[in-house]
file run11.cif (mmCIF, C-alpha atoms and all ligand atoms)
data_data
#
loop_
_atom_site.label_atom_id
_atom_site.label_comp_id
_atom_site.auth_asym_id
_atom_site.auth_seq_id
_atom_site.Cartn_x
_atom_site.Cartn_y
_atom_site.Cartn_z
CA MET U 1166 8.80 5.97 192.62
CA THR U 1167 6.54 6.16 195.67
CA ALA U 1168 4.15 8.41 193.74
CA HIS U 1169 2.73 5.26 192.13
CA LEU U 1170 2.64 3.13 195.27
CA ASP U 1171 -0.89 4.07 196.19
CA GLY U 1172 -3.99 4.90 194.26
CA ALA U 1173 -4.17 1.63 192.31
CA PRO U 1174 -8.00 1.61 192.34
CA THR U 1175 -8.04 5.14 190.85
CA VAL U 1176 -5.57 4.12 188.15
CA LEU U 1177 -7.59 1.04 187.24
CA ASP U 1178 -10.84 3.00 187.30
CA SER U 1179 -9.49 5.74 185.02
CA ALA U 1180 -8.06 3.11 182.68
CA ARG U 1181 -11.39 1.27 182.57
CA HIS U 1182 -13.34 4.45 181.80
CA HIS U 1183 -10.94 6.30 179.51
CA LEU U 1184 -8.59 3.74 177.94
CA VAL U 1185 -9.42 0.44 176.24
CA PRO U 1186 -11.69 -1.35 178.74
CA GLY U 1187 -10.78 -4.90 177.67
CA VAL U 1188 -7.09 -4.18 178.17
CA ALA U 1189 -7.74 -2.43 181.49
CA GLU U 1190 -9.64 -5.49 182.74
CA ARG U 1191 -6.81 -7.80 181.73
CA HIS U 1192 -4.36 -5.55 183.59
CA ARG U 1193 -6.57 -5.65 186.68
CA ILE U 1194 -6.73 -9.44 186.67
CA ILE U 1195 -3.03 -10.04 186.01
CA GLY U 1196 -2.00 -7.46 188.63
CA ALA U 1197 -4.65 -8.77 191.07
CA GLY U 1198 -5.79 -5.18 191.60
CA ALA U 1199 -2.28 -3.70 191.81
CA VAL U 1200 -0.56 -1.59 189.12
CA GLU U 1201 3.04 -1.06 188.01
CA ALA U 1202 5.06 1.13 190.34
CA THR U 1203 8.63 0.77 189.16
CA ALA U 1204 11.01 -1.84 187.78
CA ASN U 1205 14.61 -2.86 187.94
CA GLY U 1206 16.43 -5.47 185.85
CA ALA U 1207 14.15 -8.48 185.32
CA GLU U 1208 11.83 -7.41 188.14
CA VAL U 1209 8.74 -5.18 188.25
CA LEU U 1210 7.51 -3.77 191.56
CA LEU U 1211 3.74 -3.48 191.90
CA SER U 1212 1.80 -0.87 193.84
CA ASN U 1213 1.06 -3.39 196.62
CA GLY U 1214 4.75 -4.11 197.15
CA ARG U 1215 4.69 -7.40 195.28
CA LYS U 1216 7.49 -8.19 192.82
CA VAL U 1217 7.08 -10.06 189.54
CA LEU U 1218 9.60 -11.26 186.96
CA ASP U 1219 9.02 -9.74 183.55
CA PHE U 1220 9.53 -12.27 180.72
CA GLY U 1221 6.99 -10.56 178.47
CA SER U 1222 6.57 -6.80 177.92
CA TYR U 1223 6.19 -6.96 174.12
CA ALA U 1224 9.85 -8.11 173.90
CA VAL U 1225 11.13 -4.65 174.86
CA PRO U 1226 13.24 -5.03 178.06
CA LEU U 1227 15.96 -7.19 176.49
CA PHE U 1228 18.51 -5.49 178.78
CA GLY U 1229 16.11 -5.52 181.72
CA HIS U 1230 14.20 -2.55 183.08
CA ARG U 1231 16.02 0.74 183.58
CA PRO U 1232 19.50 -0.44 182.59
CA PRO U 1233 21.71 2.13 184.39
CA ALA U 1234 23.87 2.97 181.38
CA VAL U 1235 20.79 3.69 179.25
CA VAL U 1236 19.08 5.74 181.96
CA GLU U 1237 22.27 7.76 182.44
CA ALA U 1238 22.60 8.40 178.70
CA VAL U 1239 18.99 9.59 178.52
CA HIS U 1240 19.45 11.90 181.52
CA GLN U 1241 22.45 13.41 179.82
CA ALA U 1242 20.55 13.96 176.57
CA LEU U 1243 17.67 15.56 178.47
CA ASP U 1244 20.05 17.91 180.23
CA GLU U 1245 21.81 18.77 177.02
CA MET U 1246 19.36 18.60 174.11
CA PRO U 1247 15.87 17.31 174.92
CA THR U 1248 14.61 17.99 171.42
CA SER U 1249 16.18 18.89 168.10
CA THR U 1250 15.38 21.87 165.90
CA ARG U 1251 15.15 19.73 162.77
CA LEU U 1252 16.79 22.66 160.97
CA LEU U 1253 20.25 22.02 162.40
CA ALA U 1254 22.25 18.80 162.41
CA ASN U 1255 21.33 16.46 165.28
CA PRO U 1256 24.50 14.80 166.63
CA TYR U 1257 22.59 12.00 168.36
CA ALA U 1258 20.79 10.92 165.17
CA ALA U 1259 23.99 11.05 163.13
CA ARG U 1260 25.90 9.03 165.75
CA ILE U 1261 23.34 6.27 166.02
CA ALA U 1262 22.98 6.03 162.24
CA ALA U 1263 26.73 5.47 161.91
CA ARG U 1264 26.68 2.89 164.74
CA LEU U 1265 23.77 0.94 163.21
CA VAL U 1266 25.50 0.81 159.85
CA GLN U 1267 28.69 -0.48 161.50
CA ALA U 1268 26.74 -3.07 163.52
CA LEU U 1269 24.92 -4.68 160.58
CA ALA U 1270 26.49 -4.76 157.09
CA PRO U 1271 28.63 -1.64 156.60
CA ASP U 1272 29.48 -2.42 152.99
CA ARG U 1273 25.84 -2.76 151.87
CA LEU U 1274 23.41 -1.29 154.43
CA THR U 1275 24.66 2.27 154.53
CA ARG U 1276 21.55 4.42 155.10
CA VAL U 1277 19.29 4.77 158.13
CA TRP U 1278 15.78 6.12 158.67
CA LEU U 1279 14.81 6.59 162.32
CA GLY U 1280 11.34 6.21 163.82
CA LEU U 1281 9.80 5.51 167.21
CA ASN U 1282 7.58 2.41 166.97
CA GLY U 1283 8.34 -0.67 164.90
CA ALA U 1284 5.48 0.07 162.52
CA ASP U 1285 7.19 3.38 161.64
CA ALA U 1286 10.17 1.49 160.23
CA VAL U 1287 7.87 -0.92 158.38
CA GLU U 1288 5.94 1.98 156.83
CA ALA U 1289 9.17 3.68 155.74
CA ALA U 1290 10.53 0.55 154.04
CA LEU U 1291 7.19 -0.17 152.37
CA LYS U 1292 6.81 3.35 151.03
CA LEU U 1293 10.39 3.56 149.74
CA ALA U 1294 10.15 0.16 148.01
CA ILE U 1295 6.91 1.10 146.26
CA ALA U 1296 8.19 4.52 145.26
CA ARG U 1297 11.47 3.15 143.96
CA THR U 1298 10.02 0.25 141.92
CA GLY U 1299 6.70 1.78 140.90
CA HIS U 1300 4.95 -1.48 141.88
CA ALA U 1301 2.08 -1.05 144.34
CA SER U 1302 2.20 -4.71 145.37
CA VAL U 1303 4.17 -6.46 148.11
CA LEU U 1304 4.89 -10.06 149.14
CA ALA U 1305 4.68 -11.01 152.81
CA VAL U 1306 4.42 -14.34 154.62
CA GLU U 1307 1.57 -16.30 156.15
CA GLY U 1308 1.79 -15.93 159.91
CA GLY U 1309 3.86 -12.74 159.70
CA PHE U 1310 3.28 -9.73 161.95
CA HIS U 1311 4.51 -6.25 161.04
CA GLY U 1312 2.38 -3.87 163.11
CA LYS U 1313 -1.08 -2.34 163.04
CA SER U 1314 -0.80 1.03 161.28
CA MET U 1315 -2.47 0.80 157.87
CA GLY U 1316 0.57 -0.05 155.72
CA ALA U 1317 2.02 -2.38 158.35
CA LEU U 1318 -1.37 -4.03 158.86
CA ALA U 1319 -1.56 -4.70 155.13
CA LEU U 1320 1.57 -6.83 155.61
CA THR U 1321 0.33 -8.46 158.80
CA SER U 1322 -1.26 -11.87 158.41
CA ASP U 1323 -4.18 -11.47 160.80
CA PRO U 1324 -7.54 -11.87 159.02
CA GLU U 1325 -9.59 -10.87 162.06
CA ARG U 1326 -7.82 -7.51 162.55
CA ARG U 1327 -7.58 -6.78 158.83
CA LYS U 1328 -11.26 -7.40 158.10
CA PRO U 1329 -12.79 -4.15 159.47
CA VAL U 1330 -10.47 -2.03 157.27
CA GLN U 1331 -9.85 -4.49 154.44
CA GLY U 1332 -10.94 -2.11 151.68
CA PHE U 1333 -8.26 0.39 152.68
CA LEU U 1334 -5.35 -2.08 152.75
CA GLY U 1335 -2.99 -2.30 149.80
CA ASP U 1336 -2.15 -5.25 147.57
CA VAL U 1337 -0.20 -7.73 149.71
CA ARG U 1338 0.08 -11.44 148.94
CA HIS U 1339 0.80 -13.65 151.98
CA LEU U 1340 2.95 -16.57 150.89
CA PRO U 1341 2.89 -20.14 152.18
CA LEU U 1342 6.27 -21.57 153.26
CA GLU U 1343 6.96 -23.21 149.90
CA PRO U 1344 10.26 -22.87 148.02
CA ASP U 1345 8.75 -21.59 144.77
CA ALA U 1346 6.15 -19.31 146.41
CA VAL U 1347 8.04 -16.08 145.59
CA ALA U 1348 8.87 -17.09 142.02
CA ARG U 1349 5.26 -18.13 141.44
CA ALA U 1350 3.82 -14.91 142.87
CA LEU U 1351 6.18 -12.78 140.82
CA THR U 1352 5.19 -14.41 137.56
CA GLU U 1353 1.58 -13.42 138.30
CA ARG U 1354 2.54 -9.74 138.73
CA PRO U 1355 5.60 -7.82 139.90
CA ALA U 1356 6.09 -6.71 143.51
CA ALA U 1357 8.01 -3.88 145.15
CA ALA U 1358 9.35 -6.03 147.97
CA LEU U 1359 9.40 -9.30 149.81
CA VAL U 1360 8.99 -8.64 153.55
CA PHE U 1361 9.52 -11.35 156.17
CA GLU U 1362 10.47 -11.96 159.78
CA PRO U 1363 13.31 -14.53 159.89
CA VAL U 1364 11.77 -15.67 163.18
CA GLN U 1365 8.05 -14.89 163.34
CA GLY U 1366 7.42 -13.37 166.77
CA GLU U 1367 3.68 -12.78 167.11
CA GLY U 1368 3.08 -15.67 164.70
CA GLY U 1369 4.23 -18.20 167.29
CA GLY U 1370 8.02 -18.01 167.38
CA ARG U 1371 8.16 -19.81 164.04
CA ILE U 1372 11.69 -20.04 162.62
CA LEU U 1373 11.63 -19.63 158.84
CA PRO U 1374 14.21 -22.07 157.38
CA PRO U 1375 17.30 -20.14 156.19
CA GLU U 1376 17.51 -22.20 152.98
CA LEU U 1377 13.91 -21.20 152.14
CA LEU U 1378 14.70 -17.54 152.82
CA ARG U 1379 17.83 -17.77 150.65
CA ARG U 1380 15.80 -19.13 147.74
CA TRP U 1381 13.05 -16.53 148.24
CA SER U 1382 15.55 -13.66 148.50
CA ALA U 1383 17.33 -14.76 145.32
CA ASP U 1384 14.02 -15.05 143.43
CA ALA U 1385 12.83 -11.65 144.68
CA ARG U 1386 16.11 -9.97 143.79
CA ALA U 1387 16.16 -11.56 140.33
CA ALA U 1388 12.72 -10.04 139.66
CA GLY U 1389 13.75 -6.58 140.92
CA ALA U 1390 11.87 -6.76 144.25
CA PHE U 1391 13.59 -5.50 147.40
CA VAL U 1392 14.26 -7.98 150.23
CA ILE U 1393 13.25 -6.56 153.61
CA ALA U 1394 13.96 -8.37 156.87
CA ASP U 1395 11.67 -7.28 159.70
CA GLU U 1396 13.80 -8.01 162.77
CA ILE U 1397 11.92 -5.69 165.08
CA GLN U 1398 11.30 -8.62 167.42
CA CYS U 1399 13.97 -11.19 166.55
CA GLY U 1400 16.97 -8.92 165.87
CA LEU U 1401 19.46 -7.21 168.19
CA ARG U 1402 20.57 -10.60 169.58
CA ARG U 1403 17.14 -11.63 170.90
CA CYS U 1404 17.50 -14.68 168.62
CA GLY U 1405 21.32 -14.78 168.64
CA PRO U 1406 22.89 -12.46 166.04
CA MET U 1407 22.44 -8.72 165.58
CA SER U 1408 20.56 -9.56 162.38
CA VAL U 1409 19.34 -13.07 161.65
CA ALA U 1410 19.03 -12.25 157.93
CA VAL U 1411 22.52 -10.78 157.59
CA GLU U 1412 23.99 -13.69 159.54
CA ALA U 1413 22.23 -16.17 157.24
CA GLY U 1414 23.77 -14.46 154.18
CA LEU U 1415 20.45 -13.29 152.76
CA GLU U 1416 21.88 -9.90 151.75
CA PRO U 1417 18.68 -8.00 152.60
CA ASP U 1418 18.06 -4.53 151.17
CA ALA U 1419 16.83 -3.43 154.58
CA VAL U 1420 16.86 -4.66 158.16
CA LEU U 1421 14.15 -3.21 160.41
CA LEU U 1422 14.85 -2.84 164.13
CA GLY U 1423 12.78 -1.60 167.07
CA LYS U 1424 11.51 -2.75 170.47
CA PRO U 1425 14.75 -3.04 172.57
CA LEU U 1426 16.64 -0.61 170.29
CA GLY U 1427 15.85 2.20 172.74
CA GLY U 1428 17.40 0.17 175.55
CA GLY U 1429 13.98 -0.63 177.00
CA VAL U 1430 13.77 2.99 178.13
CA MET U 1431 12.89 5.11 175.09
CA PRO U 1432 10.89 4.45 171.89
CA LEU U 1433 13.21 3.99 168.91
CA SER U 1434 13.05 2.10 165.62
CA ALA U 1435 15.22 2.06 162.53
CA MET U 1436 15.26 1.02 158.93
CA VAL U 1437 18.84 0.29 157.90
CA SER U 1438 18.96 0.04 154.12
CA THR U 1439 20.91 -0.03 150.90
CA GLU U 1440 21.45 3.12 148.84
CA ALA U 1441 19.08 1.71 146.21
CA LEU U 1442 16.09 1.36 148.54
CA TYR U 1443 16.83 4.77 150.06
CA ALA U 1444 16.93 6.47 146.64
CA PRO U 1445 13.51 8.20 146.91
CA LEU U 1446 14.84 10.00 150.02
CA ILE U 1447 17.94 11.10 148.13
CA ALA U 1448 15.71 12.50 145.37
CA ASP U 1449 13.25 14.17 147.79
CA PRO U 1450 14.68 14.66 151.31
CA TYR U 1451 11.21 15.29 152.74
CA PHE U 1452 9.52 12.32 151.05
CA HIS U 1453 9.12 10.56 154.42
CA THR U 1454 9.58 12.48 157.68
CA ALA U 1455 8.06 12.41 161.16
CA THR U 1456 8.22 15.14 163.81
CA PHE U 1457 9.98 13.05 166.44
CA GLY U 1458 12.17 10.87 164.20
CA GLY U 1459 15.75 10.98 165.48
CA HIS U 1460 14.66 12.26 168.90
CA PRO U 1461 17.89 12.97 170.83
CA ALA U 1462 16.88 11.12 174.01
CA SER U 1463 15.77 8.08 172.00
CA CYS U 1464 19.00 8.08 170.00
CA ALA U 1465 21.05 8.48 173.20
CA ALA U 1466 19.23 5.45 174.64
CA GLY U 1467 19.91 3.54 171.42
CA LEU U 1468 23.62 4.35 171.50
CA ALA U 1469 23.83 3.04 175.07
CA ALA U 1470 21.84 -0.07 174.05
CA LEU U 1471 24.28 -0.79 171.22
CA ASP U 1472 27.14 -0.49 173.73
CA LEU U 1473 25.38 -3.06 175.92
CA LEU U 1474 25.02 -5.43 172.97
CA ASP U 1475 28.78 -5.17 172.45
CA THR U 1476 29.65 -5.79 176.08
CA MET U 1477 27.03 -8.38 177.05
CA GLY U 1478 27.87 -11.07 174.47
CA ASP U 1479 28.82 -13.70 177.05
CA LEU U 1480 25.66 -13.14 179.06
CA PHE U 1481 23.50 -13.76 175.98
CA ALA U 1482 25.30 -17.02 175.26
CA ALA U 1483 25.04 -18.18 178.88
CA HIS U 1484 21.21 -18.14 178.95
CA GLU U 1485 20.50 -19.85 175.64
CA ALA U 1486 20.93 -23.56 176.45
CA PRO U 1487 19.32 -23.48 179.93
CA LEU U 1488 16.20 -21.76 178.53
CA GLY U 1489 15.72 -24.48 175.91
CA GLN U 1490 16.22 -27.27 178.45
CA TRP U 1491 13.89 -25.72 180.98
CA LEU U 1492 11.08 -25.35 178.43
CA ALA U 1493 11.61 -28.86 177.01
CA ALA U 1494 11.21 -30.28 180.52
CA LEU U 1495 7.72 -28.71 180.68
CA HIS U 1496 6.72 -30.57 177.53
CA GLU U 1497 8.00 -33.85 179.01
CA GLU U 1498 6.10 -33.35 182.26
CA PHE U 1499 2.84 -31.94 180.84
CA PRO U 1500 2.60 -33.33 177.27
CA ASP U 1501 -1.18 -32.89 177.11
CA VAL U 1502 -0.90 -29.19 177.87
CA VAL U 1503 2.49 -28.08 176.52
CA VAL U 1504 2.56 -29.75 173.11
CA GLU U 1505 5.77 -28.22 171.79
CA THR U 1506 8.62 -25.98 172.93
CA ARG U 1507 11.41 -24.11 171.14
CA ALA U 1508 14.10 -21.68 172.11
CA VAL U 1509 16.37 -19.65 169.91
CA GLY U 1510 18.65 -17.27 171.76
CA LEU U 1511 16.60 -15.54 174.44
CA PHE U 1512 13.33 -16.27 172.63
CA GLY U 1513 11.51 -19.21 174.20
CA VAL U 1514 8.20 -20.59 173.00
CA LEU U 1515 5.57 -22.79 174.63
CA GLN U 1516 2.86 -24.14 172.37
CA PHE U 1517 -0.31 -25.20 174.20
CA ALA U 1518 -2.95 -27.65 173.05
CA THR U 1519 -5.64 -24.95 173.25
CA GLU U 1520 -5.91 -21.17 173.35
CA ALA U 1521 -7.74 -21.46 176.67
CA GLN U 1522 -4.79 -23.30 178.23
CA ALA U 1523 -2.38 -20.63 176.99
CA GLY U 1524 -4.58 -17.84 178.40
CA LEU U 1525 -4.98 -19.64 181.70
CA THR U 1526 -1.21 -20.17 181.97
CA ILE U 1527 -0.66 -16.40 181.70
CA LEU U 1528 -3.01 -15.88 184.65
CA GLU U 1529 -1.57 -18.74 186.71
CA ALA U 1530 2.01 -17.64 186.02
CA GLY U 1531 1.14 -14.00 186.78
CA ARG U 1532 -0.35 -15.07 190.09
CA ARG U 1533 2.94 -16.83 190.88
CA GLY U 1534 5.07 -13.83 189.98
CA LEU U 1535 5.96 -14.37 186.31
CA LEU U 1536 4.78 -12.23 183.39
CA LEU U 1537 4.67 -13.91 179.97
CA ALA U 1538 3.57 -12.78 176.51
CA GLN U 1539 0.84 -14.42 174.42
CA CYS U 1540 1.49 -14.38 170.66
CA LEU U 1541 -0.91 -11.93 169.01
CA THR U 1542 -1.68 -13.97 165.90
CA ALA U 1543 -0.96 -17.45 167.32
CA PRO U 1544 -2.85 -17.37 170.63
CA THR U 1545 -2.07 -21.00 171.54
CA VAL U 1546 1.57 -19.93 171.90
CA LEU U 1547 3.24 -18.12 174.80
CA ARG U 1548 6.60 -16.40 174.49
CA VAL U 1549 9.10 -16.66 177.31
CA LEU U 1550 11.40 -13.67 176.89
CA PRO U 1551 13.92 -13.37 179.72
CA PRO U 1552 15.93 -10.16 179.88
CA VAL U 1553 19.63 -10.85 179.42
CA VAL U 1554 20.34 -9.55 182.94
CA THR U 1555 18.12 -12.20 184.59
CA THR U 1556 20.15 -13.79 187.40
CA GLN U 1557 20.43 -17.55 187.88
CA ASN U 1558 18.22 -17.35 190.96
CA GLN U 1559 15.60 -15.39 189.05
CA MET U 1560 15.74 -17.95 186.21
CA LYS U 1561 15.22 -20.71 188.76
CA SER U 1562 12.33 -18.90 190.35
CA ALA U 1563 10.74 -18.25 186.91
CA ALA U 1564 11.10 -21.94 186.04
CA GLU U 1565 9.38 -22.92 189.31
CA SER U 1566 6.54 -20.44 188.75
CA LEU U 1567 5.98 -21.64 185.21
CA ARG U 1568 6.08 -25.30 186.21
CA ALA U 1569 3.49 -24.66 188.94
CA ALA U 1570 1.35 -22.69 186.48
CA CYS U 1571 1.44 -25.53 183.91
CA GLN U 1572 0.59 -28.01 186.66
CA ALA U 1573 -2.42 -25.93 187.72
CA VAL U 1574 -3.57 -25.62 184.10
CA ALA U 1575 -3.13 -29.37 183.54
CA ARG U 1576 -5.29 -30.08 186.62
CA ARG U 1577 -7.96 -27.57 185.66
CA THR U 1578 -8.23 -28.59 182.01
CA SER U 1579 -7.90 -32.37 182.32
CA ALA U 1580 -11.04 -32.76 184.43
C1 LIG F 1 8.18 -8.28 163.81
C2 LIG F 1 7.42 -7.06 164.19
N1 LIG F 1 7.34 -6.05 163.31
C3 LIG F 1 6.68 -4.93 163.61
C4 LIG F 1 6.05 -4.77 164.82
C5 LIG F 1 5.33 -3.49 165.14
O1 LIG F 1 6.01 -2.82 166.14
P1 LIG F 1 5.28 -1.68 166.99
O2 LIG F 1 4.21 -2.32 167.79
O3 LIG F 1 6.39 -1.11 167.84
O4 LIG F 1 4.75 -0.69 166.01
C6 LIG F 1 6.11 -5.79 165.77
C7 LIG F 1 5.43 -5.67 167.07
O5 LIG F 1 5.20 -6.62 167.77
C8 LIG F 1 6.81 -6.98 165.44
O6 LIG F 1 6.88 -8.00 166.29
#
call {"tool": "encode", "arguments": {"input": "run11.cif", "output": "structure tokens"}}
result
Amino acid sequence: MTAHLDGAPTVLDSARHHLVPGVAERHRIIGAGAVEATANGAEVLLSNGRKVLDFGSYAVPLFGHRPPAVVEAVHQALDEMPTSTRLLANPYAARIAARLVQALAPDRLTRVWLGLNGADAVEAALKLAIARTGHASVLAVEGGFHGKSMGALALTSDPERRKPVQGFLGDVRHLPLEPDAVARALTERPAAALVFEPVQGEGGGRILPPELLRRWSADARAAGAFVIADEIQCGLRRCGPMSVAVEAGLEPDAVLLGKPLGGGVMPLSAMVSTEALYAPLIADPYFHTATFGGHPASCAAGLAALDLLDTMGDLFAAHEAPLGQWLAALHEEFPDVVVETRAVGLFGVLQFATEAQAGLTILEAGRRGLLLAQCLTAPTVLRVLPPVVTTQNQMKSAAESLRAACQAVARRTSA
């Protein structure tokens, strides 16, 4: 731990020269010249000894930083089986596959493909759906985010980031939130799949109405297109249930999971699917593989994370209402700055009047000891993502920091 407690200028300098300079500069400003040293629960310790609450982090530390049970499980896997031969059966991968099936819809979603980043799971689902149906066309949703690798980016609704590689992206139609959008698109030409986030994360924490998703899923299924729920950000209880789509009765052909699946410690993602969608992998076992898929330490972390989801149910429920009330109070007090708020589960959203106000709030909150996440494709929106282990005192302190940040932004932008 102390190895990182000095040398911040060297770290920042190396990052500026050898990593992405714009990101390095943002890190320097938010950390006020300090860098990450270690973290515990909802708190991150910086190299200058300062502590900040982490309500951002790309929605990964749902269980907080370094949850002891996950760290312990990873240590054990490293001692026992730090990598797998890929020629012999991997007990960790088999165990987590069985657990994921049990946790979602054991009578329908019976097959699992394991990756590391969320985009890996998106790519797997996309490829299987196209291979199985023979249709090189997919339906996605306006405002949706599915990652930045080429297939995932094709699904992502982000014109600015798609433009430089547009010619290489496949045929994806991004649908408006209209009831007959899927039926209409499918009469134009068939599609392999309909892919959506039940709650759009990077798109501004937008909740897609369950009745709309039911109609869309039925229309897609009737036309032979697979229904794929990307719950990489909203699933695993972040927005309440293990799977928002399964809970809403959408009967998806696949649920995609990632981010906190590795317990906030290891990279792990999964596509949990029906036999039908998985069929190309039954026909050709090596149709879609990756060297580190099913990594034992990642799977061990995932098994411990699934245990935590089973045992922490009450904690999740306890935070939900206070988060919504706390954010709503910010709208009441600063209506010209915070124009709308929402909270679903442990996913809170603050919509600002302008992108500049949202950006400024990140800086002002960071200065006061609270890290928040800006939505990638809806930059007027900030996500407030408390880890489930956040204590009441930490919640109170976060609320005070955010209130003071909004006040500062209101003063600075109303002049
Ligand atoms: C809904 C959703 N899908 C896919 C991804 C891509 O995940 P990753 O960045 O781990 O590849 C993200 C990342 O933010 C996401 O929010």
call {"tool": "residues_around", "arguments": {"input": "run11.cif", "residues": "range 1520-1535 of chain U", "least_positions_apart": "5", "cutoff": "6 Å", "atoms": "all atoms listed in the file", "output": "list in words"}}
result
Ile1195, Val1217, Leu1218, Pro1544, Thr1545, Ser1566, Leu1567 and Ala1570 of chain U
call {"tool": "axis_aligned_box", "arguments": {"input": "run11.cif", "around": "ligand LIG 1 (chain F)", "padding_each_side": "4 Å", "output": "AutoDock Vina command-line options"}}
result
--center_x 6.2 --center_y -4.5 --center_z 165.6 --size_x 12.0 --size_y 15.6 --size_z 12.5
call {"tool": "closest_residue", "arguments": {"input": "run11.cif", "among": "U:Ala1564, U:Ala1569, U:Gly1316, U:Ala1538", "to": "Phe1220 in chain U", "atoms": "all atoms listed in the file"}}
result
U:Ala1538
call {"tool": "residues_near_ligand", "arguments": {"input": "run11.cif", "ligand": "ligand LIG 1 (chain F)", "cutoff": "10 Å", "atoms": "only C-alpha atoms and all ligand atoms", "output": "count of residues only"}}
result
47
call {"tool": "atom_distance", "arguments": {"input": "run11.cif", "atom1": "CA of Leu1269 in chain U", "atom2": "CA of Val1420 in chain U"}}
result
8.4 Å
call {"tool": "atom_distance", "arguments": {"input": "run11.cif", "atom1": "CA of Val1266 in chain U", "atom2": "CA of Ala1254 in chain U"}}
result
18.5 Å
call {"tool": "residues_around", "arguments": {"input": "run11.cif", "residues": "Lys1561 in chain U", "least_positions_apart": "6", "cutoff": "12 Å", "atoms": "only C-alpha atoms", "output": "PyMOL selection string"}}
result
chain U and resi 1218+1484+1487-1488+1491+1535+1551+1555+1567-1568
call {"tool": "atom_distance", "arguments": {"input": "run11.cif", "atom1": "CA of Glu1190 in chain U", "atom2": "CA of Ala1207 in chain U"}}
result
24.1 Å
call {"tool": "residues_around", "arguments": {"input": "run11.cif", "residues": "Val1546 in chain U", "least_positions_apart": "2", "cutoff": "7 Å", "atoms": "all atoms listed in the file", "output": "PDB file with C-alpha atoms, in the coordinates of the input"}}
result
ATOM      1  CA  GLY U1369       4.230 -18.200 167.290  1.00  0.00           C
ATOM      2  CA  VAL U1514       8.200 -20.590 173.000  1.00  0.00           C
ATOM      3  CA  LEU U1515       5.570 -22.790 174.630  1.00  0.00           C
ATOM      4  CA  GLN U1516       2.860 -24.140 172.370  1.00  0.00           C
ATOM      5  CA  PHE U1517      -0.310 -25.200 174.200  1.00  0.00           C
ATOM      6  CA  ALA U1523      -2.380 -20.630 176.990  1.00  0.00           C
ATOM      7  CA  GLN U1539       0.840 -14.420 174.420  1.00  0.00           C
ATOM      8  CA  CYS U1540       1.490 -14.380 170.660  1.00  0.00           C
ATOM      9  CA  ALA U1543      -0.960 -17.450 167.320  1.00  0.00           C
ATOM     10  CA  PRO U1544      -2.850 -17.370 170.630  1.00  0.00           C
ATOM     11  CA  ARG U1548       6.600 -16.400 174.490  1.00  0.00           C
TER      12      ARG U1548
END
call {"tool": "residues_around", "arguments": {"input": "run11.cif", "residues": "range 1443-1459 of chain U", "least_positions_apart": "4", "cutoff": "12 Å", "atoms": "all atoms listed in the file", "output": "MDAnalysis selection string"}}
result
chainID U and resid 1247:1252 1254:1262 1273:1282 1285:1286 1288:1299 1391 1418:1419 1427 1431:1439 1463:1468
call {"tool": "closest_atom_pairs", "arguments": {"input": "run11.cif", "of": "range 1467-1528 of chain U", "to": "range 1403-1415 of chain U", "cutoff": "9 Å", "atoms": "all atoms listed in the file", "output": "JSON lines"}}
result
{"residue": "U:Leu1474", "atom": "CA", "partner": "U:Met1407", "partner_atom": "CA", "distance": 8.5}
{"residue": "U:Phe1481", "atom": "CA", "partner": "U:Gly1405", "partner_atom": "CA", "distance": 7.7}
{"residue": "U:Ala1482", "atom": "CA", "partner": "U:Gly1405", "partner_atom": "CA", "distance": 8.0}
{"residue": "U:Glu1485", "atom": "CA", "partner": "U:Gly1405", "partner_atom": "CA", "distance": 8.7}
{"residue": "U:Ala1508", "atom": "CA", "partner": "U:Cys1404", "partner_atom": "CA", "distance": 8.5}
{"residue": "U:Val1509", "atom": "CA", "partner": "U:Cys1404", "partner_atom": "CA", "distance": 5.3}
{"residue": "U:Gly1510", "atom": "CA", "partner": "U:Cys1404", "partner_atom": "CA", "distance": 4.2}
{"residue": "U:Leu1511", "atom": "CA", "partner": "U:Arg1403", "partner_atom": "CA", "distance": 5.3}
{"residue": "U:Phe1512", "atom": "CA", "partner": "U:Cys1404", "partner_atom": "CA", "distance": 6.0}
